[in-house]
file work32.cif (mmCIF, C-alpha atoms)
data_data
loop_
_atom_site.label_atom_id
_atom_site.label_comp_id
_atom_site.auth_asym_id
_atom_site.auth_seq_id
_atom_site.Cartn_x
_atom_site.Cartn_y
_atom_site.Cartn_z
CA MET A 14 0.00 0.00 0.00
CA LYS A 15 2.87 2.39 0.74
CA LYS A 16 4.36 1.77 -2.69
CA ILE A 17 0.98 2.31 -4.34
CA LEU A 18 0.46 5.52 -2.39
CA TRP A 19 3.90 6.93 -3.19
CA LEU A 20 3.50 6.05 -6.85
CA ALA A 21 0.15 7.87 -7.00
CA VAL A 22 1.52 10.87 -5.05
CA THR A 23 4.48 11.16 -7.43
CA ILE A 24 2.32 10.98 -10.55
CA TYR A 25 -0.27 13.41 -9.15
CA LEU A 26 2.36 15.97 -8.10
CA ILE A 27 3.83 15.88 -11.60
CA ILE A 28 0.50 16.18 -13.44
CA ALA A 29 -1.54 18.51 -11.20
CA PRO A 30 0.64 21.67 -11.44
CA ILE A 31 1.07 21.56 -15.24
CA THR A 32 -2.60 21.01 -16.16
CA TYR A 33 -5.33 23.61 -15.94
CA HIS A 34 -9.09 23.86 -16.28
CA PRO A 35 -10.94 27.10 -15.41
CA ASP A 36 -13.74 25.33 -13.50
CA THR A 37 -11.41 24.54 -10.60
CA LYS A 38 -10.54 28.19 -10.20
CA LEU A 39 -14.13 29.35 -10.73
CA VAL A 40 -15.59 27.17 -7.95
CA LEU A 41 -13.00 28.48 -5.48
CA TYR A 42 -13.63 32.05 -6.64
CA TYR A 43 -17.18 31.84 -5.26
CA ALA A 44 -15.70 31.29 -1.80
CA THR A 45 -13.90 34.65 -2.01
CA VAL A 46 -16.74 36.95 -3.05
CA GLY A 47 -17.90 39.60 -0.61
CA LYS A 48 -14.51 39.52 1.13
CA GLU A 49 -15.18 35.89 2.05
CA LYS A 50 -18.02 36.83 4.43
CA VAL A 51 -20.87 35.65 2.18
CA TRP A 52 -22.76 32.53 3.26
CA ASN A 53 -25.73 32.80 0.89
CA ILE A 54 -23.93 32.79 -2.45
CA TYR A 55 -27.19 32.62 -4.39
CA LYS A 56 -28.51 35.85 -2.88
CA TYR A 57 -25.16 37.59 -3.35
CA LEU A 58 -24.91 36.73 -7.05
CA ASN A 59 -28.51 37.81 -7.64
CA LYS A 60 -28.21 41.09 -5.70
CA ASN A 61 -24.74 42.18 -6.82
CA ILE A 62 -23.12 42.71 -10.18
CA ASP A 63 -20.59 39.95 -10.78
CA SER A 64 -19.19 38.54 -14.01
CA ALA A 65 -19.20 34.98 -12.67
CA PRO A 66 -22.04 32.67 -13.76
CA LYS A 67 -24.67 31.68 -11.22
CA PHE A 68 -23.74 29.01 -8.66
CA HIS A 69 -25.65 25.83 -9.60
CA TYR A 70 -24.57 23.49 -6.80
CA PRO A 71 -26.35 22.87 -3.46
CA PRO A 72 -25.36 25.08 -0.49
CA MET A 73 -23.33 22.34 1.21
CA ASN A 74 -21.00 22.37 -1.80
CA TYR A 75 -20.37 26.09 -1.31
CA TRP A 76 -19.70 25.72 2.42
CA ILE A 77 -17.17 22.95 1.82
CA VAL A 78 -15.42 25.04 -0.82
CA LYS A 79 -15.18 27.87 1.70
CA ALA A 80 -13.62 25.41 4.15
CA GLU A 81 -11.05 24.49 1.48
CA LEU A 82 -10.00 28.10 0.93
CA PRO A 83 -7.63 28.46 3.95
CA LEU A 84 -5.60 25.44 2.78
CA VAL A 85 -5.54 26.82 -0.77
CA LYS A 86 -4.30 30.19 0.50
CA MET A 87 -1.72 28.57 2.76
CA VAL A 88 -0.17 26.69 -0.19
CA GLY A 89 -0.69 29.29 -2.92
CA GLY A 90 -0.09 32.47 -0.90
CA SER A 91 -2.35 35.46 -0.33
CA GLU A 92 -2.11 36.58 -3.97
CA ILE A 93 -4.00 33.51 -5.09
CA VAL A 94 -7.27 35.18 -4.06
CA LYS A 95 -6.69 37.88 -6.67
CA TRP A 96 -5.81 35.22 -9.25
CA LEU A 97 -9.07 33.35 -8.58
CA GLY A 98 -10.92 36.41 -9.85
CA THR A 99 -8.96 36.47 -13.11
CA GLY A 100 -10.71 35.47 -16.32
CA GLY A 101 -10.55 31.76 -16.99
CA ASN A 102 -9.19 32.23 -20.51
CA ILE A 103 -6.14 34.17 -19.34
CA ALA A 104 -5.47 32.87 -15.82
CA PHE A 105 -2.97 30.29 -17.09
CA LEU A 106 -0.69 33.17 -18.21
CA ASP A 107 0.17 34.02 -14.59
CA LYS A 108 3.82 33.43 -13.66
CA ASN A 109 2.72 31.44 -10.59
CA ILE A 110 0.35 29.19 -12.51
CA PHE A 111 2.08 25.93 -11.50
CA LEU A 112 1.85 26.81 -7.80
CA TYR A 113 -1.74 28.01 -8.13
CA ASN A 114 -2.77 24.85 -9.99
CA LEU A 115 -1.34 22.69 -7.22
CA ALA A 116 -2.88 24.83 -4.47
CA THR A 117 -6.40 24.76 -5.95
CA LYS A 118 -6.29 21.02 -6.60
CA LEU A 119 -4.62 19.96 -3.34
CA PRO A 120 -7.85 19.56 -1.26
CA LEU A 121 -9.32 17.45 -4.07
CA LEU A 122 -6.20 15.28 -4.32
CA ILE A 123 -6.35 14.62 -0.58
CA MET A 124 -9.96 13.47 -0.99
CA ILE A 125 -9.00 11.21 -3.89
CA PHE A 126 -6.40 9.56 -1.66
CA LEU A 127 -8.92 9.18 1.20
CA THR A 128 -11.40 7.62 -1.22
CA GLY A 129 -8.73 5.11 -2.23
CA TYR A 130 -8.13 4.20 1.40
CA MET A 131 -11.86 3.59 1.92
CA ILE A 132 -12.01 1.46 -1.24
CA TYR A 133 -9.24 -0.66 0.26
CA GLU A 134 -11.14 -0.99 3.55
CA ILE A 135 -14.37 -1.91 1.75
CA ALA A 136 -12.57 -4.52 -0.35
CA LYS A 137 -11.03 -6.06 2.76
CA LYS A 138 -14.40 -6.01 4.51
CA ALA A 139 -15.92 -7.72 1.48
CA GLY A 140 -13.49 -10.61 1.94
CA PHE A 141 -11.14 -9.77 -0.93
CA SER A 142 -7.54 -10.95 -0.59
CA GLU A 143 -4.85 -8.42 0.28
CA ASN A 144 -3.59 -8.38 -3.30
CA ARG A 145 -7.08 -7.90 -4.75
CA SER A 146 -7.81 -5.10 -2.27
CA ARG A 147 -4.59 -3.35 -3.23
CA LEU A 148 -5.42 -3.83 -6.90
CA ALA A 149 -8.77 -2.08 -6.40
CA VAL A 150 -6.94 0.92 -4.90
CA LEU A 151 -4.35 0.93 -7.67
CA ILE A 152 -7.09 0.94 -10.31
CA TRP A 153 -8.85 3.84 -8.56
CA TYR A 154 -5.70 5.96 -8.27
CA LEU A 155 -4.16 5.38 -11.67
CA ASN A 156 -6.98 4.76 -14.14
CA PRO A 157 -7.19 7.37 -16.95
CA ILE A 158 -10.60 8.65 -15.84
CA THR A 159 -9.56 9.51 -12.26
CA ILE A 160 -6.38 11.15 -13.53
CA TYR A 161 -8.26 13.09 -16.21
CA SER A 162 -11.20 14.28 -14.12
CA GLY A 163 -9.67 14.54 -10.66
CA VAL A 164 -6.01 15.39 -11.28
CA MET A 165 -5.85 17.14 -14.65
CA MET A 166 -9.20 18.96 -14.57
CA GLY A 167 -9.54 19.24 -10.80
CA GLN A 168 -13.28 18.61 -10.87
CA ASN A 169 -14.98 18.68 -7.47
CA ASP A 170 -17.23 15.62 -7.87
CA ILE A 171 -14.92 13.92 -5.38
CA LEU A 172 -16.46 16.17 -2.69
CA ALA A 173 -19.67 14.16 -2.97
CA ILE A 174 -18.06 10.78 -3.70
CA LEU A 175 -15.96 10.71 -0.52
CA PRO A 176 -18.80 10.86 2.07
CA PHE A 177 -20.75 8.33 0.03
CA ILE A 178 -17.81 5.91 0.09
CA PHE A 179 -17.54 6.36 3.86
CA GLY A 180 -21.24 5.57 4.10
CA LEU A 181 -20.82 2.49 1.93
CA TYR A 182 -18.30 1.14 4.44
CA PHE A 183 -20.95 1.33 7.20
CA TYR A 184 -23.80 0.04 4.98
CA TYR A 185 -24.23 -3.33 6.71
CA ASP A 186 -23.09 -2.58 10.26
CA TYR A 187 -24.57 0.89 10.83
CA PRO A 188 -27.16 1.53 8.10
CA ILE A 189 -28.54 4.71 9.68
CA LEU A 190 -25.06 6.26 9.73
CA ALA A 191 -24.50 5.03 6.17
CA PHE A 192 -27.62 6.74 4.85
CA LEU A 193 -26.84 9.92 6.78
CA LEU A 194 -23.51 10.00 4.93
CA PHE A 195 -25.26 9.20 1.64
CA GLY A 196 -27.51 12.20 2.27
CA LEU A 197 -24.47 14.34 3.03
CA GLY A 198 -22.94 13.35 -0.30
CA GLY A 199 -26.20 14.22 -2.06
CA SER A 200 -26.26 17.57 -0.29
CA ILE A 201 -22.94 18.43 -1.91
CA LYS A 202 -23.80 17.31 -5.44
CA SER A 203 -27.13 15.65 -5.99
CA PHE A 204 -26.07 12.54 -7.95
CA PRO A 205 -25.37 10.39 -4.82
CA LEU A 206 -29.08 10.64 -3.98
CA ILE A 207 -29.76 8.37 -6.96
CA TRP A 208 -27.31 5.85 -5.50
CA ALA A 209 -28.85 6.19 -2.02
CA ILE A 210 -32.39 5.50 -3.24
CA ALA A 211 -31.24 2.37 -5.09
CA LEU A 212 -29.21 1.13 -2.11
CA ALA A 213 -32.21 1.62 0.16
CA GLY A 214 -34.26 -0.50 -2.25
CA VAL A 215 -31.79 -3.40 -2.27
CA TYR A 216 -30.92 -3.25 1.43
CA PRO A 217 -30.99 -6.87 2.69
CA THR A 218 -34.17 -6.80 4.74
CA LYS A 219 -37.65 -8.12 4.00
CA ASN A 220 -39.22 -5.23 5.88
CA PHE A 221 -40.33 -2.75 3.23
CA LEU A 222 -40.80 0.03 5.78
CA ASN A 223 -37.16 -0.28 6.83
CA LYS A 224 -36.10 0.32 3.24
CA VAL A 225 -38.35 3.37 3.02
CA PHE A 226 -36.99 4.65 6.34
CA LEU A 227 -33.40 4.41 5.13
CA MET A 228 -34.26 6.23 1.91
CA ILE A 229 -36.02 8.99 3.85
CA ILE A 230 -32.91 9.52 6.00
CA SER A 231 -30.83 10.50 2.96
CA LEU A 232 -33.60 12.63 1.47
CA LEU A 233 -34.14 14.31 4.83
CA VAL A 234 -30.47 15.28 5.15
CA TYR A 235 -30.63 16.72 1.64
CA GLY A 236 -33.87 18.59 2.41
CA VAL A 237 -32.59 20.07 5.68
CA THR A 238 -29.56 21.62 3.94
CA LEU A 239 -31.85 23.17 1.31
CA LEU A 240 -34.55 24.34 3.72
CA PRO A 241 -33.12 27.84 4.48
CA PHE A 242 -32.91 28.61 0.74
CA ILE A 243 -35.88 26.89 -0.87
CA LYS A 244 -38.14 29.90 -0.29
CA TYR A 245 -36.08 32.05 -2.66
CA ASP A 246 -37.08 32.02 -6.33
CA TYR A 247 -33.50 32.59 -7.45
CA PHE A 248 -32.36 29.46 -5.58
CA VAL A 249 -35.05 27.32 -7.19
CA THR A 250 -34.07 28.68 -10.61
CA ASP A 251 -30.28 28.50 -10.18
CA VAL A 252 -30.11 25.10 -8.44
CA MET A 253 -33.31 23.06 -8.48
CA ARG A 254 -34.17 23.82 -12.12
CA SER A 255 -30.69 24.22 -13.52
CA GLY A 256 -29.71 22.36 -16.67
CA LEU A 257 -27.26 20.25 -14.66
CA ALA A 258 -30.01 18.95 -12.39
CA MET A 259 -32.54 18.25 -15.16
CA ARG A 260 -30.40 16.52 -17.80
CA MET A 261 -31.35 13.01 -16.75
CA PHE A 262 -35.00 13.79 -17.60
CA ASP A 263 -34.25 14.93 -21.17
CA SER A 264 -33.95 11.48 -22.73
CA SER A 265 -37.51 10.33 -23.49
CA ILE A 266 -39.71 8.32 -25.84
CA ASN A 267 -42.62 10.21 -27.38
CA LEU A 268 -45.85 8.28 -26.81
CA GLY A 269 -48.00 10.81 -28.62
CA TRP A 270 -50.56 13.34 -27.37
CA GLY A 271 -47.79 15.25 -25.63
CA ILE A 272 -46.89 12.30 -23.38
CA LYS A 273 -43.24 11.31 -23.02
CA LEU A 274 -41.74 8.30 -21.29
CA MET A 275 -38.58 9.33 -19.44
CA VAL A 276 -35.92 6.73 -20.23
CA VAL A 277 -33.42 7.26 -17.39
CA PRO A 278 -35.90 7.09 -14.47
CA LEU A 279 -37.51 4.02 -16.06
CA LEU A 280 -34.18 2.17 -16.40
CA LEU A 281 -33.18 3.17 -12.87
CA ILE A 282 -36.39 1.65 -11.53
CA VAL A 283 -35.80 -1.49 -13.61
CA VAL A 284 -32.22 -2.01 -12.43
CA THR A 285 -33.26 -1.44 -8.80
CA LEU A 286 -36.11 -3.95 -9.06
CA VAL A 287 -33.74 -6.43 -10.69
CA GLY A 288 -31.32 -5.86 -7.80
CA ILE A 289 -34.07 -6.49 -5.25
CA LYS A 290 -35.15 -9.68 -6.99
CA ASN A 291 -31.59 -11.05 -7.08
CA ASN A 292 -30.68 -9.97 -3.53
CA ILE A 293 -27.85 -7.95 -5.01
CA GLY A 294 -27.53 -5.97 -1.79
CA LYS A 295 -26.17 -8.93 0.20
CA ASP A 296 -22.51 -8.21 -0.52
CA TYR A 297 -20.23 -5.40 -1.66
CA LEU A 298 -19.53 -6.91 -5.05
CA GLY A 299 -23.24 -6.89 -5.84
CA LEU A 300 -23.64 -3.32 -4.60
CA SER A 301 -20.70 -2.21 -6.70
CA LYS A 302 -22.12 -3.83 -9.83
CA LEU A 303 -25.45 -2.15 -9.18
CA LEU A 304 -23.82 1.27 -8.74
CA VAL A 305 -21.76 0.84 -11.91
CA ALA A 306 -24.92 -0.03 -13.84
CA ILE A 307 -26.78 2.98 -12.40
CA ASN A 308 -24.02 5.38 -13.41
CA PHE A 309 -23.75 3.95 -16.90
CA ILE A 310 -27.52 4.40 -17.31
CA VAL A 311 -27.46 8.02 -16.11
CA LEU A 312 -24.42 8.96 -18.20
CA GLY A 313 -25.23 6.85 -21.24
CA PHE A 314 -28.75 8.20 -21.69
CA SER A 315 -27.98 11.83 -20.79
CA ASN A 316 -25.97 14.63 -22.34
CA PHE A 317 -23.27 14.48 -19.68
CA ASN A 318 -20.01 16.30 -19.08
CA PRO A 319 -17.13 13.83 -19.69
CA GLN A 320 -15.52 14.57 -16.32
CA TRP A 321 -18.59 13.08 -14.60
CA PHE A 322 -17.38 9.63 -15.60
CA ILE A 323 -15.40 9.61 -12.37
CA TRP A 324 -18.72 8.67 -10.69
CA ILE A 325 -18.29 5.14 -12.01
CA MET A 326 -14.69 4.52 -11.00
CA PRO A 327 -14.88 3.90 -7.20
CA PHE A 328 -17.30 1.03 -7.76
CA PHE A 329 -15.81 -0.11 -11.07
CA SER A 330 -12.41 -0.45 -9.41
CA ILE A 331 -13.91 -2.83 -6.83
CA VAL A 332 -15.66 -4.94 -9.46
CA ILE A 333 -12.80 -5.33 -11.92
CA SER A 334 -10.28 -6.13 -9.20
CA VAL A 335 -11.97 -9.54 -8.77
CA THR A 336 -13.82 -10.12 -12.07
CA SER A 337 -13.05 -10.12 -15.77
CA GLU A 338 -15.23 -7.10 -16.53
CA TYR A 339 -12.14 -4.92 -17.03
CA TRP A 340 -12.61 -5.41 -20.77
CA SER A 341 -15.32 -2.73 -20.58
CA LEU A 342 -12.54 -0.13 -20.43
CA ALA A 343 -11.56 -1.06 -23.98
CA PHE A 344 -14.90 0.43 -25.09
CA ILE A 345 -15.40 3.06 -22.41
CA LEU A 346 -12.16 4.98 -22.98
CA PRO A 347 -12.47 5.44 -26.78
CA ALA A 348 -16.14 6.42 -26.38
CA LEU A 349 -15.25 8.90 -23.65
CA MET A 350 -12.47 10.34 -25.83
CA GLY A 351 -14.96 10.74 -28.66
CA ILE A 352 -17.32 12.70 -26.41
CA ILE A 353 -14.48 14.89 -25.10
CA LEU A 354 -13.35 15.79 -28.63
CA SER A 355 -16.96 16.56 -29.65
CA PHE A 356 -17.22 19.39 -27.11
CA ASN A 357 -16.41 22.90 -28.24
CA ASP A 358 -14.32 23.43 -25.11
CA LYS A 359 -10.57 23.50 -25.71
CA PHE A 360 -9.91 23.17 -21.99
CA LEU A 361 -11.24 19.61 -22.18
CA TYR A 362 -8.31 18.53 -24.33
CA TRP A 363 -5.24 20.49 -25.42
CA GLY A 364 -6.19 23.52 -23.38
CA LEU A 365 -5.38 21.40 -20.33
CA GLY A 366 -1.71 21.84 -21.20
CA SER A 367 -1.91 25.63 -21.55
CA PRO A 368 0.32 26.29 -18.48
CA ILE A 369 3.17 24.50 -20.30
CA ASN A 370 2.56 26.11 -23.69
CA HIS A 371 0.34 29.17 -23.76
CA ASN A 372 -0.18 28.83 -27.52
CA LEU A 373 -2.08 25.56 -27.15
CA ILE A 374 -5.25 27.51 -26.44
CA ASN A 375 -4.93 29.16 -29.88
CA LEU A 376 -5.29 25.82 -31.64
CA PRO A 377 -8.69 25.33 -33.31
CA TYR A 378 -11.45 23.14 -31.96
CA VAL A 379 -11.21 19.51 -33.01
CA SER A 380 -14.53 19.91 -34.81
CA GLU A 381 -12.91 22.58 -37.00
CA ILE A 382 -10.15 20.20 -38.07
CA PHE A 383 -12.06 16.95 -38.53
CA ASN A 384 -15.61 16.13 -39.55
CA ILE A 385 -16.90 14.65 -36.29
CA LYS A 386 -20.59 15.07 -37.00
CA TYR A 387 -21.53 11.57 -35.84
CA LEU A 388 -18.73 11.00 -33.33
CA ASN A 389 -20.73 12.19 -30.32
CA ASN A 390 -23.77 10.10 -31.26
CA LEU A 391 -21.63 7.00 -31.84
CA SER A 392 -19.81 7.46 -28.54
CA HIS A 393 -23.08 7.82 -26.63
CA PHE A 394 -24.42 4.72 -28.37
CA VAL A 395 -21.41 2.73 -27.15
CA ILE A 396 -21.97 3.89 -23.56
CA MET A 397 -25.71 3.15 -23.82
CA THR A 398 -24.86 -0.37 -24.96
CA ILE A 399 -22.47 -0.83 -22.04
CA ALA A 400 -25.22 0.43 -19.70
CA ILE A 401 -27.60 -2.25 -20.97
CA TYR A 402 -24.87 -4.87 -20.58
CA TRP A 403 -24.31 -3.92 -16.93
CA LEU A 404 -28.05 -4.02 -16.35
CA TYR A 405 -27.85 -7.57 -17.72
CA LEU A 406 -25.00 -8.38 -15.30
CA CYS A 407 -27.22 -7.26 -12.43
CA ALA A 408 -30.07 -9.40 -13.78
CA LYS A 409 -27.94 -12.57 -13.74
CA PHE A 410 -26.16 -11.74 -10.47
CA LYS A 411 -25.68 -14.54 -7.97
CA LYS A 412 -24.10 -13.98 -4.57
#
call {"tool": "encode", "arguments": {"input": "work32.cif", "output": "structure tokens"}}
result
Amino acid sequence: MKKILWLAVTIYLIIAPITYHPDTKLVLYYATVGKEKVWNIYKYLNKNIDSAPKFHYPPMNYWIVKAELPLVKMVGGSEIVKWLGTGGNIAFLDKNIFLYNLATKLPLLIMIFLTGYMIYEIAKKAGFSENRSRLAVLIWYLNPITIYSGVMMGQNDILAILPFIFGLYFYYDYPILAFLLFGLGGSIKSFPLIWAIALAGVYPTKNFLNKVFLMIISLLVYGVTLLPFIKYDYFVTDVMRSGLAMRMFDSSINLGWGIKLMVVPLLLIVVTLVGIKNNIGKDYLGLSKLLVAINFIVLGFSNFNPQWFIWIMPFFSIVISVTSEYWSLAFILPALMGIILSFNDKFLYWGLGSPINHNLINLPYVSEIFNIKYLNNLSHFVIMTIAIYWLYLCAKFKK
């Protein structure tokens, strides 16, 4: 484990400073507005003139980012606050860009390492051998998706993944604590709530009311954190009805007469019912397969941001450390690359290296060089197919 950890630390400390994405800086910028005394970011951005876009994440996300800021300032120095307010398209020109990149990503890197430790503990608790448990951690740390999303881009999805992974560790022994932590994860970014609802459904008990009770715990934690803000129209618009929150409802089948069947919710219900029927919640391998299937369904049938694929990896790393399903990566990675190149966002590909070579950002979009008209559709089709395959794996699951 020490060798694995030092290998990951070395690789991360090489990659993190030299790669840049403006989202990392933008999220931390919100924590500095109003001389860092603002606690209702939604009200501030709606009452004051600010060039930053509206904040679309739940309030718990904002409070955690504010808690990160002292560490970021300690590593990057006091001038980093001024840099956070710099335009995203020119911030990489700063002479201290390598230090600032490391400072802004450091809290996220720490959480990635903590998530790896919890994956190891879950694997051991599941009865995996020492070597298989270490392999799960190695896959989590060094797979291309974790490195791309967490280390290169510095995306903050790990803020929500970490408490969920802690909760998963307590799932069987202390279910109430587990679902409190699931709710905390959902209060940071809402996607863990989907996982929590499914895990309540497959919890190994025949008492239906117990399942409902566990689900309500997570939803209640989420609701309590929103309660002080839900009365404000701007909060409902910026968070509850934002495009990020509603994407999973876009994919639908037109039944005529203005009626549409929402594909993602339907498939999520199907995979959960399949999990209940097959008692998939009786061990960690089954839970991990279920969570992989859920994430493939959400991402495959939605117009997702490619960095969100990190949602799959904590559970995927557990599954492929003891099964032969690692072959899925041979299809996932090319499809993910196709989706990345289809975006008209240079910071998703060669713009990531702009701190090393400032001229990289002047290169044209990939779509301007190659005819990639059908690349995005083909890539999504591949991921949809993989989603159906993992639903099938859940259907034939045996403990």
call {"tool": "resolve_selection", "arguments": {"input": "work32.cif", "expression": "the PyMOL selection byres ((chain A and resi 56) around 12)", "output": "PyMOL selection string"}}
result
chain A and resi 46-47+51-55+57-63+67-68+72+241-251
call {"tool": "resolve_selection", "arguments": {"input": "work32.cif", "expression": "the PyMOL selection byres ((chain A and resi 377) around 12)", "output": "list in words"}}
result
Leu354, Asn357, Asp358, Lys359, Phe360, Tyr362, Trp363, Gly364, Asn372, Leu373, Ile374, Asn375, Leu376, Tyr378, Val379, Ser380, Glu381, Ile382 and Phe383 of chain A
call {"tool": "write_last_selection", "arguments": {"input": "work32.cif", "atoms": "C-alpha atoms", "output": "compact mmCIF listing (two decimals), in the coordinates of the input"}}
result
# COMPACT_ATOMS: atom_id res chain seq x y z
CA LEU A 354 -13.35 15.79 -28.63
CA ASN A 357 -16.41 22.90 -28.24
CA ASP A 358 -14.32 23.43 -25.11
CA LYS A 359 -10.57 23.50 -25.71
CA PHE A 360 -9.91 23.17 -21.99
CA TYR A 362 -8.31 18.53 -24.33
CA TRP A 363 -5.24 20.49 -25.42
CA GLY A 364 -6.19 23.52 -23.38
CA ASN A 372 -0.18 28.83 -27.52
CA LEU A 373 -2.08 25.56 -27.15
CA ILE A 374 -5.25 27.51 -26.44
CA ASN A 375 -4.93 29.16 -29.88
CA LEU A 376 -5.29 25.82 -31.64
CA TYR A 378 -11.45 23.14 -31.96
CA VAL A 379 -11.21 19.51 -33.01
CA SER A 380 -14.53 19.91 -34.81
CA GLU A 381 -12.91 22.58 -37.00
CA ILE A 382 -10.15 20.20 -38.07
CA PHE A 383 -12.06 16.95 -38.53
call {"tool": "closest_residue", "arguments": {"input": "work32.cif", "among": "A:Ile385, A:Leu106, A:Met326, A:Val395", "to": "Tyr161 in chain A", "atoms": "all atoms listed in the file"}}
result
A:Met326
call {"tool": "resolve_selection", "arguments": {"input": "work32.cif", "expression": "the PyMOL selection byres ((chain A and resi 154) around 12)", "output": "NGL selection string"}}
result
:A and (14 or 17-25 or 122-130 or 132-133 or 147-153 or 155-164 or 323 or 326-327 or 330)
call {"tool": "atom_distance", "arguments": {"input": "work32.cif", "atom1": "CA of Phe111 in chain A", "atom2": "CA of Lys38 in chain A"}}
result
12.9 Å
call {"tool": "residues_around", "arguments": {"input": "work32.cif", "residues": "Leu115 in chain A", "least_positions_apart": "5", "cutoff": "9 Å", "atoms": "only C-alpha atoms", "output": "short mmCIF file (atom, residue, chain, number, x, y, z; two decimals) with C-alpha atoms, keeping the file's coordinate frame"}}
result
data_model
loop_
_atom_site.label_atom_id
_atom_site.label_comp_id
_atom_site.auth_asym_id
_atom_site.auth_seq_id
_atom_site.Cartn_x
_atom_site.Cartn_y
_atom_site.Cartn_z
CA LEU A 26 2.36 15.97 -8.10
CA ALA A 29 -1.54 18.51 -11.20
CA PRO A 30 0.64 21.67 -11.44
CA ILE A 31 1.07 21.56 -15.24
CA VAL A 85 -5.54 26.82 -0.77
CA VAL A 88 -0.17 26.69 -0.19
CA GLY A 89 -0.69 29.29 -2.92
CA ILE A 110 0.35 29.19 -12.51
#
call {"tool": "closest_residue", "arguments": {"input": "work32.cif", "among": "A:Ala173, A:Gln168, A:Ile289, A:Arg145", "to": "Ala211 in chain A", "atoms": "all atoms listed in the file"}}
result
A:Ile289
call {"tool": "residues_around", "arguments": {"input": "work32.cif", "residues": "Leu190 in chain A", "least_positions_apart": "2", "cutoff": "12 Å", "atoms": "all atoms listed in the file", "output": "list of chain:residue names"}}
result
A:Pro176, A:Phe177, A:Phe179, A:Gly180, A:Leu181, A:Tyr182, A:Phe183, A:Tyr184, A:Tyr185, A:Asp186, A:Tyr187, A:Pro188, A:Phe192, A:Leu193, A:Leu194, A:Phe195, A:Gly196, A:Leu197, A:Leu227, A:Ile230, A:Ser231, A:Val234
call {"tool": "atom_distance", "arguments": {"input": "work32.cif", "atom1": "CA of Asn114 in chain A", "atom2": "CA of Tyr33 in chain A"}}
result
6.6 Å
call {"tool": "atom_distance", "arguments": {"input": "work32.cif", "atom1": "CA of Ile369 in chain A", "atom2": "CA of Val94 in chain A"}}
result
22.1 Å
call {"tool": "closest_residue", "arguments": {"input": "work32.cif", "among": "A:Lys118, A:Lys295, A:His34, A:Lys202", "to": "Tyr75 in chain A", "atoms": "all atoms listed in the file"}}
result
A:Lys202
call {"tool": "residues_around", "arguments": {"input": "work32.cif", "residues": "Ile325 in chain A", "least_positions_apart": "6", "cutoff": "8 Å", "atoms": "all atoms listed in the file", "output": "PyMOL selection string"}}
result
chain A and resi 304-305+308-309
call {"tool": "residues_around", "arguments": {"input": "work32.cif", "residues": "Met397 in chain A", "least_positions_apart": "4", "cutoff": "7 Å", "atoms": "all atoms listed in the file", "output": "PyMOL selection string"}}
result
chain A and resi 310+313-314+393+401
call {"tool": "residues_around", "arguments": {"input": "work32.cif", "residues": "range 217-225 of chain A", "least_positions_apart": "4", "cutoff": "8 Å", "atoms": "all atoms listed in the file", "output": "list in words"}}
result
Ala213, Ile229, Asn292, Gly294 and Lys295 of chain A
call {"tool": "closest_residue", "arguments": {"input": "work32.cif", "among": "A:Val40, A:Leu303, A:Ile135, A:Ala80", "to": "Asn291 in chain A", "atoms": "all atoms listed in the file"}}
result
A:Leu303
call {"tool": "closest_residue", "arguments": {"input": "work32.cif", "among": "A:Thr336, A:Val311, A:Tyr297, A:Trp321", "to": "Lys138 in chain A", "atoms": "all atoms listed in the file"}}
result
A:Tyr297
call {"tool": "closest_residue", "arguments": {"input": "work32.cif", "among": "A:Lys95, A:Met131, A:Met275, A:Pro71", "to": "Gly198 in chain A", "atoms": "all atoms listed in the file"}}
result
A:Pro71
